[in-house]
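What follows is one structure encoded as structure tokens, with my remarks underneath.
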Amino acid sequence: MKDFAAIDFETANGMRSSVCSVGVVIVRNGDITEKLYRLIRPTPNFYCRRNTEIHGLTRRDTDRAELFPAVWAEIAPHIKDLPLVAHNSVFDEGCLRAVFDAYDMDYPEYTFYCTCRTSRIIYGKKLPNHRLQTVAAYCGYDLQQHHHALADAEACAWIALRLFP
């Protein structure tokens, strides 16, 4: 797979619809061609301490950010006709579906591939675990800002280029 979009969401609280940031890395012909990062005012708009401890974002960071429909209207043309790749795609696809549902938007049935699931199949017990930072390091990528949506999407793209030749 040489053309895809790696995607990562961070959430403000325990609800999947509460996306507060998104990172997207576009890969064409096996090369990273675009990187997109946006803050999003979450729905519902409150932050749990645990989530903030993970990614560092607070309501102060996103209170002036656009709502998801406006952010997605900007991102959607960049990923049109591309499969989406995520590390633990169940979470990211779940977030995308939940936020589409929260805004009563028609979901376009994106195709998702999971680098975590594929890592477990290909690398198996070669790795102590299949967390993003572990798999990224094994694939030669130094993930410096784990849980920053763009950094995680870029690590995912790097992994996907090695897992899906």
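Ligands are numbered from 1 in the order shown, residues from 1 within each chain, and chains are lettered A, B, ... in the order they appear in the structure tokens.
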
Skip stretch 129-135 of chain A itself and residues of its chain fewer than 6 positions away, then list as a PyMOL selection string all residues within 12 Å of it, counting only C-alpha atoms.
chain A and resi 8+86-89+114-123+141-147+151-160+162-163

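The list of residues with at least one atom within 10 Å of stretch 106-109 of chain A, based on only C-alpha atoms and without residues fewer than 5 positions apart in the same chain, reads Lys80, Glu93, Leu96, Arg97, Ala98, Val99, Phe100 and Asp101 of chain A.
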
Please return as a PDB file with all heavy atoms, in the first residue's frame: the residues of stretch 90-147 of chain A that backbone DSSP assigns to helix (DSSP H, G or I).
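Saved result, states_23.pdb, follows:
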```pdb
ATOM      1  N   VAL A  90      -9.490   0.549  15.997  1.00  0.00           N
ATOM      2  CA  VAL A  90     -10.801   0.450  16.647  1.00  0.00           C
ATOM      3  C   VAL A  90     -11.096   1.757  17.385  1.00  0.00           C
ATOM      4  O   VAL A  90     -12.216   2.273  17.324  1.00  0.00           O
ATOM      5  CB  VAL A  90     -10.855  -0.762  17.607  1.00  0.00           C
ATOM      6  CG1 VAL A  90     -12.098  -0.729  18.469  1.00  0.00           C
ATOM      7  CG2 VAL A  90     -10.779  -2.053  16.826  1.00  0.00           C
ATOM      8  N   PHE A  91     -10.091   2.320  18.056  1.00  0.00           N
ATOM      9  CA  PHE A  91     -10.286   3.583  18.767  1.00  0.00           C
ATOM     10  C   PHE A  91     -10.518   4.729  17.790  1.00  0.00           C
ATOM     11  O   PHE A  91     -11.497   5.465  17.912  1.00  0.00           O
ATOM     12  CB  PHE A  91      -9.080   3.897  19.658  1.00  0.00           C
ATOM     13  CG  PHE A  91      -9.177   5.249  20.311  1.00  0.00           C
ATOM     14  CD1 PHE A  91      -9.987   5.439  21.421  1.00  0.00           C
ATOM     15  CD2 PHE A  91      -8.484   6.328  19.790  1.00  0.00           C
ATOM     16  CE1 PHE A  91     -10.096   6.694  22.010  1.00  0.00           C
ATOM     17  CE2 PHE A  91      -8.584   7.584  20.369  1.00  0.00           C
ATOM     18  CZ  PHE A  91      -9.389   7.764  21.477  1.00  0.00           C
ATOM     19  N   ASP A  92      -9.634   4.900  16.818  1.00  0.00           N
ATOM     20  CA  ASP A  92      -9.732   6.055  15.919  1.00  0.00           C
ATOM     21  C   ASP A  92     -10.962   5.988  15.023  1.00  0.00           C
ATOM     22  O   ASP A  92     -11.634   6.993  14.820  1.00  0.00           O
ATOM     23  CB  ASP A  92      -8.440   6.194  15.108  1.00  0.00           C
ATOM     24  CG  ASP A  92      -7.267   6.506  16.018  1.00  0.00           C
ATOM     25  OD1 ASP A  92      -7.192   7.651  16.494  1.00  0.00           O
ATOM     26  OD2 ASP A  92      -6.460   5.605  16.281  1.00  0.00           O
ATOM     27  N   GLU A  93     -11.284   4.803  14.510  1.00  0.00           N
ATOM     28  CA  GLU A  93     -12.504   4.681  13.718  1.00  0.00           C
ATOM     29  C   GLU A  93     -13.728   4.912  14.603  1.00  0.00           C
ATOM     30  O   GLU A  93     -14.699   5.558  14.182  1.00  0.00           O
ATOM     31  CB  GLU A  93     -12.599   3.315  13.039  1.00  0.00           C
ATOM     32  CG  GLU A  93     -13.808   3.198  12.140  1.00  0.00           C
ATOM     33  CD  GLU A  93     -13.878   1.900  11.353  1.00  0.00           C
ATOM     34  OE1 GLU A  93     -13.082   0.973  11.613  1.00  0.00           O
ATOM     35  OE2 GLU A  93     -14.751   1.819  10.464  1.00  0.00           O
ATOM     36  N   GLY A  94     -13.669   4.437  15.828  1.00  0.00           N
ATOM     37  CA  GLY A  94     -14.762   4.672  16.765  1.00  0.00           C
ATOM     38  C   GLY A  94     -14.965   6.155  17.044  1.00  0.00           C
ATOM     39  O   GLY A  94     -16.104   6.631  17.122  1.00  0.00           O
ATOM     40  N   CYS A  95     -13.857   6.885  17.197  1.00  0.00           N
ATOM     41  CA  CYS A  95     -13.951   8.338  17.397  1.00  0.00           C
ATOM     42  C   CYS A  95     -14.581   8.998  16.181  1.00  0.00           C
ATOM     43  O   CYS A  95     -15.478   9.845  16.319  1.00  0.00           O
ATOM     44  CB  CYS A  95     -12.560   8.938  17.641  1.00  0.00           C
ATOM     45  SG  CYS A  95     -11.860   8.557  19.240  1.00  0.00           S
ATOM     46  N   LEU A  96     -14.119   8.626  15.002  1.00  0.00           N
ATOM     47  CA  LEU A  96     -14.632   9.243  13.784  1.00  0.00           C
ATOM     48  C   LEU A  96     -16.126   8.974  13.618  1.00  0.00           C
ATOM     49  O   LEU A  96     -16.906   9.890  13.352  1.00  0.00           O
ATOM     50  CB  LEU A  96     -13.838   8.751  12.568  1.00  0.00           C
ATOM     51  CG  LEU A  96     -14.056   9.499  11.268  1.00  0.00           C
ATOM     52  CD1 LEU A  96     -13.762  10.983  11.405  1.00  0.00           C
ATOM     53  CD2 LEU A  96     -13.177   8.886  10.169  1.00  0.00           C
ATOM     54  N   ARG A  97     -16.533   7.752  13.825  1.00  0.00           N
ATOM     55  CA  ARG A  97     -17.953   7.415  13.716  1.00  0.00           C
ATOM     56  C   ARG A  97     -18.776   8.156  14.777  1.00  0.00           C
ATOM     57  O   ARG A  97     -19.862   8.664  14.484  1.00  0.00           O
ATOM     58  CB  ARG A  97     -18.164   5.909  13.838  1.00  0.00           C
ATOM     59  CG  ARG A  97     -17.738   5.133  12.612  1.00  0.00           C
ATOM     60  CD  ARG A  97     -18.017   3.637  12.789  1.00  0.00           C
ATOM     61  NE  ARG A  97     -17.651   2.890  11.616  1.00  0.00           N
ATOM     62  CZ  ARG A  97     -18.428   2.735  10.546  1.00  0.00           C
ATOM     63  NH1 ARG A  97     -19.617   3.303  10.496  1.00  0.00           N
ATOM     64  NH2 ARG A  97     -18.016   2.023   9.523  1.00  0.00           N
ATOM     65  N   ALA A  98     -18.259   8.222  15.997  1.00  0.00           N
ATOM     66  CA  ALA A  98     -18.991   8.869  17.086  1.00  0.00           C
ATOM     67  C   ALA A  98     -19.168  10.359  16.848  1.00  0.00           C
ATOM     68  O   ALA A  98     -20.243  10.918  17.103  1.00  0.00           O
ATOM     69  CB  ALA A  98     -18.277   8.623  18.415  1.00  0.00           C
ATOM     70  N   VAL A  99     -18.149  11.017  16.361  1.00  0.00           N
ATOM     71  CA  VAL A  99     -18.259  12.461  16.151  1.00  0.00           C
ATOM     72  C   VAL A  99     -19.127  12.757  14.922  1.00  0.00           C
ATOM     73  O   VAL A  99     -19.868  13.734  14.908  1.00  0.00           O
ATOM     74  CB  VAL A  99     -16.874  13.144  16.120  1.00  0.00           C
ATOM     75  CG1 VAL A  99     -16.138  12.911  14.825  1.00  0.00           C
ATOM     76  CG2 VAL A  99     -16.988  14.624  16.423  1.00  0.00           C
ATOM     77  N   PHE A 100     -19.072  11.911  13.905  1.00  0.00           N
ATOM     78  CA  PHE A 100     -20.002  12.060  12.780  1.00  0.00           C
ATOM     79  C   PHE A 100     -21.436  11.930  13.288  1.00  0.00           C
ATOM     80  O   PHE A 100     -22.315  12.704  12.915  1.00  0.00           O
ATOM     81  CB  PHE A 100     -19.728  11.006  11.695  1.00  0.00           C
ATOM     82  CG  PHE A 100     -18.864  11.471  10.576  1.00  0.00           C
ATOM     83  CD1 PHE A 100     -17.488  11.607  10.729  1.00  0.00           C
ATOM     84  CD2 PHE A 100     -19.406  11.782   9.342  1.00  0.00           C
ATOM     85  CE1 PHE A 100     -16.688  12.041   9.692  1.00  0.00           C
ATOM     86  CE2 PHE A 100     -18.620  12.206   8.290  1.00  0.00           C
ATOM     87  CZ  PHE A 100     -17.248  12.347   8.466  1.00  0.00           C
ATOM     88  N   ASP A 101     -21.665  10.945  14.147  1.00  0.00           N
ATOM     89  CA  ASP A 101     -22.996  10.727  14.695  1.00  0.00           C
ATOM     90  C   ASP A 101     -23.435  11.899  15.583  1.00  0.00           C
ATOM     91  O   ASP A 101     -24.580  12.338  15.516  1.00  0.00           O
ATOM     92  CB  ASP A 101     -23.022   9.418  15.490  1.00  0.00           C
ATOM     93  CG  ASP A 101     -24.407   9.034  15.944  1.00  0.00           C
ATOM     94  OD1 ASP A 101     -25.328   9.016  15.112  1.00  0.00           O
ATOM     95  OD2 ASP A 101     -24.568   8.758  17.155  1.00  0.00           O
ATOM     96  N   ALA A 102     -22.512  12.420  16.387  1.00  0.00           N
ATOM     97  CA  ALA A 102     -22.831  13.537  17.288  1.00  0.00           C
ATOM     98  C   ALA A 102     -23.313  14.766  16.517  1.00  0.00           C
ATOM     99  O   ALA A 102     -24.138  15.522  17.013  1.00  0.00           O
ATOM    100  CB  ALA A 102     -21.622  13.893  18.141  1.00  0.00           C
ATOM    101  N   THR A 115      -2.356  -0.727  12.135  1.00  0.00           N
ATOM    102  CA  THR A 115      -0.946  -1.084  12.261  1.00  0.00           C
ATOM    103  C   THR A 115      -0.683  -1.885  13.542  1.00  0.00           C
ATOM    104  O   THR A 115       0.239  -2.696  13.572  1.00  0.00           O
ATOM    105  CB  THR A 115      -0.034   0.162  12.224  1.00  0.00           C
ATOM    106  OG1 THR A 115      -0.458   1.085  13.230  1.00  0.00           O
ATOM    107  CG2 THR A 115      -0.042   0.812  10.861  1.00  0.00           C
ATOM    108  N   CYS A 116      -1.485  -1.686  14.574  1.00  0.00           N
ATOM    109  CA  CYS A 116      -1.307  -2.455  15.805  1.00  0.00           C
ATOM    110  C   CYS A 116      -1.637  -3.936  15.566  1.00  0.00           C
ATOM    111  O   CYS A 116      -0.850  -4.821  15.899  1.00  0.00           O
ATOM    112  CB  CYS A 116      -2.174  -1.879  16.922  1.00  0.00           C
ATOM    113  SG  CYS A 116      -1.934  -2.686  18.512  1.00  0.00           S
ATOM    114  N   ARG A 117      -2.790  -4.184  14.998  1.00  0.00           N
ATOM    115  CA  ARG A 117      -3.217  -5.559  14.709  1.00  0.00           C
ATOM    116  C   ARG A 117      -2.223  -6.237  13.759  1.00  0.00           C
ATOM    117  O   ARG A 117      -1.827  -7.385  13.977  1.00  0.00           O
ATOM    118  CB  ARG A 117      -4.620  -5.548  14.092  1.00  0.00           C
ATOM    119  CG  ARG A 117      -5.257  -6.911  13.959  1.00  0.00           C
ATOM    120  CD  ARG A 117      -6.695  -6.849  13.417  1.00  0.00           C
ATOM    121  NE  ARG A 117      -7.498  -5.787  14.000  1.00  0.00           N
ATOM    122  CZ  ARG A 117      -7.990  -4.742  13.301  1.00  0.00           C
ATOM    123  NH1 ARG A 117      -7.771  -4.633  12.007  1.00  0.00           N
ATOM    124  NH2 ARG A 117      -8.714  -3.824  13.898  1.00  0.00           N
ATOM    125  N   THR A 118      -1.796  -5.507  12.740  1.00  0.00           N
ATOM    126  CA  THR A 118      -0.864  -6.087  11.765  1.00  0.00           C
ATOM    127  C   THR A 118       0.501  -6.329  12.396  1.00  0.00           C
ATOM    128  O   THR A 118       1.163  -7.333  12.102  1.00  0.00           O
ATOM    129  CB  THR A 118      -0.756  -5.173  10.531  1.00  0.00           C
ATOM    130  OG1 THR A 118      -2.071  -4.978  10.003  1.00  0.00           O
ATOM    131  CG2 THR A 118       0.124  -5.802   9.462  1.00  0.00           C
ATOM    132  N   SER A 119       0.928  -5.444  13.294  1.00  0.00           N
ATOM    133  CA  SER A 119       2.186  -5.640  14.008  1.00  0.00           C
ATOM    134  C   SER A 119       2.153  -6.927  14.827  1.00  0.00           C
ATOM    135  O   SER A 119       3.134  -7.680  14.860  1.00  0.00           O
ATOM    136  CB  SER A 119       2.463  -4.438  14.917  1.00  0.00           C
ATOM    137  OG  SER A 119       3.562  -4.692  15.754  1.00  0.00           O
ATOM    138  N   ARG A 120       1.029  -7.173  15.481  1.00  0.00           N
ATOM    139  CA  ARG A 120       0.908  -8.404  16.270  1.00  0.00           C
ATOM    140  C   ARG A 120       1.056  -9.644  15.385  1.00  0.00           C
ATOM    141  O   ARG A 120       1.661 -10.631  15.783  1.00  0.00           O
ATOM    142  CB  ARG A 120      -0.438  -8.437  16.981  1.00  0.00           C
ATOM    143  CG  ARG A 120      -0.511  -7.531  18.174  1.00  0.00           C
ATOM    144  CD  ARG A 120      -1.810  -7.769  18.960  1.00  0.00           C
ATOM    145  NE  ARG A 120      -1.856  -6.879  20.093  1.00  0.00           N
ATOM    146  CZ  ARG A 120      -2.645  -5.829  20.187  1.00  0.00           C
ATOM    147  NH1 ARG A 120      -3.493  -5.539  19.210  1.00  0.00           N
ATOM    148  NH2 ARG A 120      -2.621  -5.066  21.261  1.00  0.00           N
ATOM    149  N   ILE A 121       0.509  -9.572  14.174  1.00  0.00           N
ATOM    150  CA  ILE A 121       0.588 -10.708  13.249  1.00  0.00           C
ATOM    151  C   ILE A 121       2.010 -10.872  12.711  1.00  0.00           C
ATOM    152  O   ILE A 121       2.556 -11.975  12.697  1.00  0.00           O
ATOM    153  CB  ILE A 121      -0.414 -10.527  12.084  1.00  0.00           C
ATOM    154  CG1 ILE A 121      -1.848 -10.612  12.611  1.00  0.00           C
ATOM    155  CG2 ILE A 121      -0.173 -11.557  10.983  1.00  0.00           C
ATOM    156  CD1 ILE A 121      -2.900 -10.133  11.613  1.00  0.00           C
ATOM    157  N   ILE A 122       2.610  -9.773  12.275  1.00  0.00           N
ATOM    158  CA  ILE A 122       3.920  -9.855  11.612  1.00  0.00           C
ATOM    159  C   ILE A 122       5.079  -9.974  12.604  1.00  0.00           C
ATOM    160  O   ILE A 122       5.977 -10.790  12.411  1.00  0.00           O
ATOM    161  CB  ILE A 122       4.115  -8.653  10.669  1.00  0.00           C
ATOM    162  CG1 ILE A 122       3.118  -8.765   9.510  1.00  0.00           C
ATOM    163  CG2 ILE A 122       5.549  -8.570  10.150  1.00  0.00           C
ATOM    164  CD1 ILE A 122       3.116  -7.593   8.555  1.00  0.00           C
ATOM    165  N   TYR A 123       5.068  -9.160  13.652  1.00  0.00           N
ATOM    166  CA  TYR A 123       6.198  -9.130  14.585  1.00  0.00           C
ATOM    167  C   TYR A 123       6.010 -10.050  15.790  1.00  0.00           C
ATOM    168  O   TYR A 123       6.990 -10.451  16.422  1.00  0.00           O
ATOM    169  CB  TYR A 123       6.474  -7.703  15.057  1.00  0.00           C
ATOM    170  CG  TYR A 123       6.830  -6.752  13.945  1.00  0.00           C
ATOM    171  CD1 TYR A 123       6.360  -5.455  13.948  1.00  0.00           C
ATOM    172  CD2 TYR A 123       7.638  -7.141  12.876  1.00  0.00           C
ATOM    173  CE1 TYR A 123       6.684  -4.561  12.938  1.00  0.00           C
ATOM    174  CE2 TYR A 123       7.952  -6.266  11.856  1.00  0.00           C
ATOM    175  CZ  TYR A 123       7.474  -4.977  11.895  1.00  0.00           C
ATOM    176  OH  TYR A 123       7.787  -4.105  10.888  1.00  0.00           O
ATOM    177  N   GLY A 124       4.774 -10.371  16.102  1.00  0.00           N
ATOM    178  CA  GLY A 124       4.477 -11.310  17.177  1.00  0.00           C
ATOM    179  C   GLY A 124       5.292 -11.091  18.433  1.00  0.00           C
ATOM    180  O   GLY A 124       5.354  -9.979  18.965  1.00  0.00           O
ATOM    181  N   LYS A 125       5.952 -12.141  18.885  1.00  0.00           N
ATOM    182  CA  LYS A 125       6.690 -12.104  20.145  1.00  0.00           C
ATOM    183  C   LYS A 125       8.076 -11.483  20.014  1.00  0.00           C
ATOM    184  O   LYS A 125       8.832 -11.454  20.986  1.00  0.00           O
ATOM    185  CB  LYS A 125       6.777 -13.500  20.731  1.00  0.00           C
ATOM    186  CG  LYS A 125       5.409 -14.024  21.140  1.00  0.00           C
ATOM    187  CD  LYS A 125       5.468 -15.367  21.797  1.00  0.00           C
ATOM    188  CE  LYS A 125       4.063 -15.799  22.173  1.00  0.00           C
ATOM    189  NZ  LYS A 125       4.034 -17.013  22.940  1.00  0.00           N
ATOM    190  N   LYS A 126       8.409 -10.972  18.831  1.00  0.00           N
ATOM    191  CA  LYS A 126       9.677 -10.247  18.683  1.00  0.00           C
ATOM    192  C   LYS A 126       9.668  -8.970  19.516  1.00  0.00           C
ATOM    193  O   LYS A 126      10.712  -8.441  19.854  1.00  0.00           O
ATOM    194  CB  LYS A 126       9.924  -9.865  17.222  1.00  0.00           C
ATOM    195  CG  LYS A 126      10.216 -11.017  16.313  1.00  0.00           C
ATOM    196  CD  LYS A 126      10.427 -10.496  14.897  1.00  0.00           C
ATOM    197  CE  LYS A 126      10.560 -11.627  13.922  1.00  0.00           C
ATOM    198  NZ  LYS A 126      10.672 -11.134  12.534  1.00  0.00           N
ATOM    199  N   LEU A 132       2.238   1.878  20.233  1.00  0.00           N
ATOM    200  CA  LEU A 132       2.744   2.702  19.139  1.00  0.00           C
ATOM    201  C   LEU A 132       4.229   3.001  19.270  1.00  0.00           C
ATOM    202  O   LEU A 132       4.995   2.830  18.327  1.00  0.00           O
ATOM    203  CB  LEU A 132       1.939   4.004  19.036  1.00  0.00           C
ATOM    204  CG  LEU A 132       2.360   4.963  17.924  1.00  0.00           C
ATOM    205  CD1 LEU A 132       2.167   4.336  16.535  1.00  0.00           C
ATOM    206  CD2 LEU A 132       1.558   6.254  18.031  1.00  0.00           C
ATOM    207  N   GLN A 133       4.662   3.455  20.437  1.00  0.00           N
ATOM    208  CA  GLN A 133       6.056   3.835  20.588  1.00  0.00           C
ATOM    209  C   GLN A 133       6.997   2.636  20.457  1.00  0.00           C
ATOM    210  O   GLN A 133       8.105   2.764  19.927  1.00  0.00           O
ATOM    211  CB  GLN A 133       6.299   4.607  21.890  1.00  0.00           C
ATOM    212  CG  GLN A 133       6.047   3.841  23.162  1.00  0.00           C
ATOM    213  CD  GLN A 133       4.623   3.895  23.646  1.00  0.00           C
ATOM    214  OE1 GLN A 133       3.682   3.982  22.860  1.00  0.00           O
ATOM    215  NE2 GLN A 133       4.425   3.822  24.953  1.00  0.00           N
ATOM    216  N   THR A 134       6.564   1.453  20.875  1.00  0.00           N
ATOM    217  CA  THR A 134       7.382   0.244  20.761  1.00  0.00           C
ATOM    218  C   THR A 134       7.534  -0.178  19.305  1.00  0.00           C
ATOM    219  O   THR A 134       8.644  -0.456  18.836  1.00  0.00           O
ATOM    220  CB  THR A 134       6.759  -0.906  21.584  1.00  0.00           C
ATOM    221  OG1 THR A 134       6.608  -0.481  22.937  1.00  0.00           O
ATOM    222  CG2 THR A 134       7.611  -2.154  21.520  1.00  0.00           C
ATOM    223  N   VAL A 135       6.422  -0.212  18.595  1.00  0.00           N
ATOM    224  CA  VAL A 135       6.454  -0.623  17.185  1.00  0.00           C
ATOM    225  C   VAL A 135       7.200   0.420  16.353  1.00  0.00           C
ATOM    226  O   VAL A 135       7.991   0.068  15.475  1.00  0.00           O
ATOM    227  CB  VAL A 135       5.033  -0.869  16.638  1.00  0.00           C
ATOM    228  CG1 VAL A 135       5.076  -1.290  15.170  1.00  0.00           C
ATOM    229  CG2 VAL A 135       4.302  -1.919  17.484  1.00  0.00           C
ATOM    230  N   ALA A 136       6.979   1.687  16.647  1.00  0.00           N
ATOM    231  CA  ALA A 136       7.681   2.753  15.926  1.00  0.00           C
ATOM    232  C   ALA A 136       9.195   2.603  16.087  1.00  0.00           C
ATOM    233  O   ALA A 136       9.947   2.673  15.110  1.00  0.00           O
ATOM    234  CB  ALA A 136       7.215   4.127  16.403  1.00  0.00           C
ATOM    235  N   ALA A 137       9.642   2.387  17.315  1.00  0.00           N
ATOM    236  CA  ALA A 137      11.081   2.222  17.565  1.00  0.00           C
ATOM    237  C   ALA A 137      11.626   1.003  16.815  1.00  0.00           C
ATOM    238  O   ALA A 137      12.697   1.066  16.210  1.00  0.00           O
ATOM    239  CB  ALA A 137      11.348   2.100  19.064  1.00  0.00           C
ATOM    240  N   TYR A 138      10.880  -0.089  16.823  1.00  0.00           N
ATOM    241  CA  TYR A 138      11.307  -1.300  16.119  1.00  0.00           C
ATOM    242  C   TYR A 138      11.434  -1.042  14.615  1.00  0.00           C
ATOM    243  O   TYR A 138      12.300  -1.599  13.952  1.00  0.00           O
ATOM    244  CB  TYR A 138      10.320  -2.438  16.395  1.00  0.00           C
ATOM    245  CG  TYR A 138      10.758  -3.765  15.842  1.00  0.00           C
ATOM    246  CD1 TYR A 138      11.698  -4.530  16.517  1.00  0.00           C
ATOM    247  CD2 TYR A 138      10.227  -4.262  14.666  1.00  0.00           C
ATOM    248  CE1 TYR A 138      12.115  -5.756  16.017  1.00  0.00           C
ATOM    249  CE2 TYR A 138      10.623  -5.488  14.157  1.00  0.00           C
ATOM    250  CZ  TYR A 138      11.568  -6.228  14.843  1.00  0.00           C
ATOM    251  OH  TYR A 138      11.981  -7.443  14.340  1.00  0.00           O
TER     252      TYR A 138
END
```

Tell me which protein, DNA and RNA residues are within 9 Å of A:Leu150, counting only C-alpha atoms, leaving out same-chain ones fewer than 5 positions away, and put them as a compact mmCIF listing (two decimals) with N, CA and C atoms, in the first residue's frame.
```
# COMPACT_ATOMS: atom_id res chain seq x y z
N ILE A 7 -4.01 8.45 10.43
CA ILE A 7 -4.82 9.38 11.21
C ILE A 7 -4.75 9.04 12.69
N ASP A 8 -4.80 10.07 13.52
CA ASP A 8 -4.82 9.87 14.96
C ASP A 8 -5.68 10.94 15.60
N PHE A 9 -6.51 10.53 16.55
CA PHE A 9 -7.35 11.44 17.32
C PHE A 9 -6.92 11.42 18.78
N SER A 21 -8.28 16.90 19.09
CA SER A 21 -7.24 17.16 18.10
C SER A 21 -7.18 15.99 17.13
N VAL A 22 -6.73 16.31 15.92
CA VAL A 22 -6.57 15.29 14.89
C VAL A 22 -5.26 15.55 14.16
N GLY A 23 -4.56 14.48 13.88
CA GLY A 23 -3.37 14.54 13.04
C GLY A 23 -3.58 13.62 11.85
N VAL A 24 -3.22 14.11 10.67
CA VAL A 24 -3.36 13.32 9.44
C VAL A 24 -2.06 13.45 8.66
N VAL A 25 -1.54 12.32 8.22
CA VAL A 25 -0.34 12.29 7.39
C VAL A 25 -0.70 11.59 6.09
N LYS A 35 1.09 16.92 5.84
CA LYS A 35 0.81 16.72 7.26
C LYS A 35 -0.20 17.78 7.69
N LEU A 36 -1.26 17.32 8.34
CA LEU A 36 -2.32 18.22 8.81
C LEU A 36 -2.54 18.00 10.30
N TYR A 37 -2.65 19.09 11.02
CA TYR A 37 -2.94 19.01 12.45
C TYR A 37 -3.93 20.10 12.80
N ARG A 38 -4.99 19.74 13.52
CA ARG A 38 -5.97 20.72 13.92
C ARG A 38 -6.45 20.44 15.34
N GLN A 145 7.07 12.90 20.56
CA GLN A 145 5.92 13.55 21.19
C GLN A 145 4.70 12.64 21.21
N ALA A 155 4.14 8.64 13.10
CA ALA A 155 4.71 7.35 13.49
C ALA A 155 3.92 6.21 12.85
```

Between A:Phe4, A:Leu127, A:Leu84, A:Pro69, which one has atoms that come closest to A:Asp31, using only C-alpha atoms?
A:Phe4
